[in-house]
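Following: one structure in structure tokens, then a few remarks.
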Amino acid sequence: MTEEAKTSDPQAAPALSVVGPGDGETIVLGTTRMRVLEDGSHTGHRLAIAESVLAPHTQGPPQHRHARHDEGFYILSGTVRFTVGDEDYDATPGTLVMVPPGTPHTFANLTDQPAVMLSTFTPDLYVQYFRDLQDALAGGRPLTPQANIDAMNRYATEPA
């Protein structure tokens with residue numbers, strides 16, 4: 001069979017994925033509760049999607065940059081403060097924040113109300129980082145700055 005024939009053969013269609021309101025993997029990271037809606041297993045690892053609830057007065061991760069994936073944040077409720085380099089942006093419901101690779105960023109909920117955001121990761125590389133953090137926090141162990149940096153490094157991410 002020629003190479004051309006091999007590449008033009010029909011490929012199996014990916015399985016349809018439907019995640020209901022109470023479904024999805026739950027990851028708890030301190031005062032943040034994340035529900036993984038798509039971990040990349042139904043998208044050929046091109047895209048992952050998670051819903052995150054940030055409790056009031058939740059500080060986000062240290063400012064960091066990703067080398068290999070884009071990260072998107074769509075605010076569903078509340079207000080999320082994004083810090084990109086030295087600039088702050090207050091994102092309210094209906095706001096989309098797209099962070100390309102190499103851009104230093106962090107986020108926090110500085111308000112008295114919970115905030116909910118939908119996050120995308122393209123490709124899905126970073127979902128496992130959140131799983132690793134949850135494992136590190138298991139049993140009430142504190143997450144040291146070095147342990148967080150070590151976890152980031154495994155997923156092409158570094159502190160900014």
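Just remember, in the structure tokens the first chain shown is A, the second B, etc., residues are 1-based per chain, and ligands are 1-based in the order shown.
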
How close does range 14-105 of chain A get to range 136-154 of chain A? List, as a Markdown table, each residue of range 14-105 of chain A within 12 Å, its nearest atom pair and the distance in Å to one decimal, counting only C-alpha atoms.
| residue | atom | partner | partner_atom | distance |
| --- | --- | --- | --- | --- |
| A:Ile27 | CA | A:Leu137 | CA | 10.9 |
| A:Val28 | CA | A:Leu137 | CA | 9.1 |
| A:Leu29 | CA | A:Leu137 | CA | 7.6 |
| A:Gly30 | CA | A:Leu137 | CA | 8.3 |
| A:Pro61 | CA | A:Asn148 | CA | 9.1 |
| A:Pro62 | CA | A:Pro145 | CA | 9.0 |
| A:Gln63 | CA | A:Ile149 | CA | 11.2 |
| A:His64 | CA | A:Met152 | CA | 8.8 |
| A:Arg65 | CA | A:Met152 | CA | 9.5 |
| A:His66 | CA | A:Met152 | CA | 8.8 |
| A:Ala67 | CA | A:Asn153 | CA | 10.0 |
| A:Arg68 | CA | A:Asn153 | CA | 11.5 |

Report as a PDB file with N, CA and C atoms, in the first residue's frame all protein, DNA and RNA residues lying within 9 Å of Asp90 in chain A, evaluated on only C-alpha atoms, omitting residues in the same chain fewer than 3 positions from it.
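result.pdb, freshly written:
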ATOM      1  N   THR A  79     -16.240  37.998  39.782  1.00  0.00           N
ATOM      2  CA  THR A  79     -15.171  38.797  39.181  1.00  0.00           C
ATOM      3  C   THR A  79     -13.838  38.119  39.473  1.00  0.00           C
ATOM      4  N   VAL A  80     -13.038  37.944  38.434  1.00  0.00           N
ATOM      5  CA  VAL A  80     -11.721  37.333  38.578  1.00  0.00           C
ATOM      6  C   VAL A  80     -10.682  38.372  38.166  1.00  0.00           C
ATOM      7  N   ARG A  81      -9.708  38.614  39.037  1.00  0.00           N
ATOM      8  CA  ARG A  81      -8.609  39.538  38.738  1.00  0.00           C
ATOM      9  C   ARG A  81      -7.491  38.747  38.056  1.00  0.00           C
ATOM     10  N   PHE A  82      -7.186  39.119  36.814  1.00  0.00           N
ATOM     11  CA  PHE A  82      -6.072  38.531  36.087  1.00  0.00           C
ATOM     12  C   PHE A  82      -4.915  39.506  36.144  1.00  0.00           C
ATOM     13  N   THR A  83      -3.751  39.005  36.485  1.00  0.00           N
ATOM     14  CA  THR A  83      -2.538  39.801  36.442  1.00  0.00           C
ATOM     15  C   THR A  83      -1.669  39.207  35.348  1.00  0.00           C
TER      16      THR A  83
END

- request: Write out as a list in words which residues come within 12 Å of Gly102 in chain A when counting only C-alpha atoms, dropping same-chain ones fewer than 2 positions away.
  value: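 These residues fall inside the cut-off: Gln63, His64, Arg65, His66, Ala67, Arg68, His69, Asp70, Glu71, Val84, Gly85, Val99, Pro100, Pro104, His105, Ala156, Thr157, Glu158, Pro159 and Ala160 of chain A.
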
Selection to disk with N, CA and C atoms, as an mmCIF file, in the first residue's frame:
data_model
loop_
_atom_site.group_PDB
_atom_site.id
_atom_site.type_symbol
_atom_site.label_atom_id
_atom_site.label_comp_id
_atom_site.auth_asym_id
_atom_site.auth_seq_id
_atom_site.Cartn_x
_atom_site.Cartn_y
_atom_site.Cartn_z
ATOM 1 N N GLN A 63 2.418 33.758 39.633
ATOM 2 C CA GLN A 63 2.482 34.144 38.224
ATOM 3 C C GLN A 63 3.422 33.177 37.499
ATOM 4 N N HIS A 64 2.971 32.714 36.338
ATOM 5 C CA HIS A 64 3.709 31.675 35.612
ATOM 6 C C HIS A 64 3.490 31.831 34.111
ATOM 7 N N ARG A 65 4.260 31.076 33.344
ATOM 8 C CA ARG A 65 4.093 31.064 31.883
ATOM 9 C C ARG A 65 4.177 29.629 31.398
ATOM 10 N N HIS A 66 3.372 29.343 30.382
ATOM 11 C CA HIS A 66 3.347 28.015 29.775
ATOM 12 C C HIS A 66 4.141 28.062 28.471
ATOM 13 N N ALA A 67 4.946 27.061 28.239
ATOM 14 C CA ALA A 67 5.747 27.021 27.019
ATOM 15 C C ALA A 67 4.997 26.367 25.861
ATOM 16 N N ARG A 68 4.058 25.463 26.169
ATOM 17 C CA ARG A 68 3.492 24.648 25.093
ATOM 18 C C ARG A 68 1.982 24.645 24.989
ATOM 19 N N HIS A 69 1.289 25.458 25.758
ATOM 20 C CA HIS A 69 -0.160 25.459 25.570
ATOM 21 C C HIS A 69 -0.787 26.825 25.824
ATOM 22 N N ASP A 70 -1.886 27.052 25.116
ATOM 23 C CA ASP A 70 -2.726 28.219 25.321
ATOM 24 C C ASP A 70 -3.685 27.906 26.455
ATOM 25 N N GLU A 71 -4.063 28.942 27.184
ATOM 26 C CA GLU A 71 -5.024 28.779 28.259
ATOM 27 C C GLU A 71 -6.088 29.867 28.083
ATOM 28 N N VAL A 84 -1.366 40.040 34.358
ATOM 29 C CA VAL A 84 -0.556 39.632 33.212
ATOM 30 C C VAL A 84 0.651 40.556 33.208
ATOM 31 N N GLY A 85 1.805 39.994 33.595
ATOM 32 C CA GLY A 85 2.971 40.842 33.779
ATOM 33 C C GLY A 85 2.697 41.796 34.927
ATOM 34 N N VAL A 99 -4.752 33.402 27.048
ATOM 35 C CA VAL A 99 -3.346 33.563 27.412
ATOM 36 C C VAL A 99 -2.503 32.674 26.504
ATOM 37 N N PRO A 100 -1.735 33.266 25.579
ATOM 38 C CA PRO A 100 -0.899 32.457 24.691
ATOM 39 C C PRO A 100 0.355 31.959 25.404
ATOM 40 N N PRO A 104 3.313 35.716 30.924
ATOM 41 C CA PRO A 104 3.226 35.554 32.379
ATOM 42 C C PRO A 104 1.835 35.963 32.862
ATOM 43 N N HIS A 105 1.241 35.128 33.720
ATOM 44 C CA HIS A 105 -0.115 35.409 34.176
ATOM 45 C C HIS A 105 -0.428 34.706 35.490
ATOM 46 N N ALA A 156 5.771 21.767 31.171
ATOM 47 C CA ALA A 156 6.264 22.862 30.326
ATOM 48 C C ALA A 156 5.809 24.238 30.830
ATOM 49 N N THR A 157 5.873 24.405 32.149
ATOM 50 C CA THR A 157 5.454 25.651 32.785
ATOM 51 C C THR A 157 6.525 26.056 33.789
ATOM 52 N N GLU A 158 6.701 27.369 33.935
ATOM 53 C CA GLU A 158 7.682 27.862 34.900
ATOM 54 C C GLU A 158 7.167 29.123 35.562
ATOM 55 N N PRO A 159 7.617 29.409 36.782
ATOM 56 C CA PRO A 159 7.237 30.673 37.405
ATOM 57 C C PRO A 159 7.731 31.843 36.572
ATOM 58 N N ALA A 160 6.968 32.927 36.582
ATOM 59 C CA ALA A 160 7.367 34.112 35.807
ATOM 60 C C ALA A 160 8.217 35.037 36.670
#

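Distances here use only C-alpha atoms; by that measure, the residue among A:Leu96, A:Gln113, A:Ala48, A:Gly60 closest to Gly78 in chain A is A:Gln113.
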
Counting only C-alpha atoms, what is within 9 Å of range 17-21 of chain A, bar same-chain residues fewer than 5 positions away, as a compact mmCIF listing (two decimals) with all heavy atoms, in the first residue's frame?
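See result.txt below for the written result:
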# COMPACT_ATOMS: atom_id res chain seq x y z
N LEU A 37 -14.31 18.81 32.64
CA LEU A 37 -15.38 18.44 31.71
C LEU A 37 -14.84 17.62 30.54
O LEU A 37 -15.54 16.78 30.00
CB LEU A 37 -16.08 19.69 31.20
CG LEU A 37 -16.64 20.61 32.30
CD1 LEU A 37 -17.11 21.92 31.72
CD2 LEU A 37 -17.76 19.90 33.04
N GLU A 38 -13.62 17.92 30.14
CA GLU A 38 -12.94 17.18 29.07
C GLU A 38 -11.46 17.18 29.40
O GLU A 38 -10.85 18.24 29.52
CB GLU A 38 -13.19 17.84 27.71
CG GLU A 38 -12.35 17.27 26.58
CD GLU A 38 -12.54 15.77 26.39
OE1 GLU A 38 -13.69 15.30 26.26
OE2 GLU A 38 -11.51 15.06 26.38
N HIS A 42 -11.18 12.73 24.66
CA HIS A 42 -12.15 12.68 23.56
C HIS A 42 -11.81 13.65 22.44
O HIS A 42 -12.57 13.78 21.48
CB HIS A 42 -13.56 13.00 24.08
CG HIS A 42 -14.07 12.00 25.07
ND1 HIS A 42 -13.92 12.18 26.43
CD2 HIS A 42 -14.67 10.81 24.89
CE1 HIS A 42 -14.45 11.14 27.05
NE2 HIS A 42 -14.89 10.29 26.15

field: Of the listed residues A:Ala50, A:Thr43, A:Ser77, A:Asn109, that which approaches Tyr126 in chain A most closely, counting only C-alpha atoms
entry: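 Once distances to Tyr126 in chain A are computed over only C-alpha atoms, the minimum belongs to A:Ala50.
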
Counting only C-alpha atoms, the residue of A:Gln134, A:Gln59, A:Thr106, A:Thr92 that sits nearest Met34 in chain A: A:Gln134

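Ranking A:Ile75, A:Ser52, A:His45, A:Pro101 by their shortest atom-to-atom distance to Glu25 in chain A, with only C-alpha atoms included, puts A:Ser52 first.
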
Of the listed residues A:Thr32, A:Ser41, A:Thr26, A:Thr103, that which approaches Met117 in chain A most closely, counting only C-alpha atoms: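 Going through A:Thr32, A:Ser41, A:Thr26, A:Thr103 one by one, the smallest distance to Met117 in chain A is for A:Thr32.
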
message: For the helix (DSSP H, G or I) assignment from backbone DSSP, which residues of range 10-143 of chain A qualify? Please present them as a VMD selection string.
response: chain A and resid 124 to 140

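Minimum atom-to-atom distances from A:Asp135, A:Asp124, A:Glu51, A:Asp88 to Ala108 in chain A were compared using only C-alpha atoms, and the lowest value belongs to A:Asp88.
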
- request: Write out as a PyMOL selection string all residues of chain A that DSSP puts in strand (DSSP E) for this structure's backbone.
  value: chain A and resi 25-29+32-38+48-54+58-59+64-66+70-77+80-84+87-91+96-99+105-109+115-122+157-159

- request: Find the distance between CA of Leu16 in chain A and CA of Met98 in chain A and write it in Å to one decimal.
  value: 26.2 Å
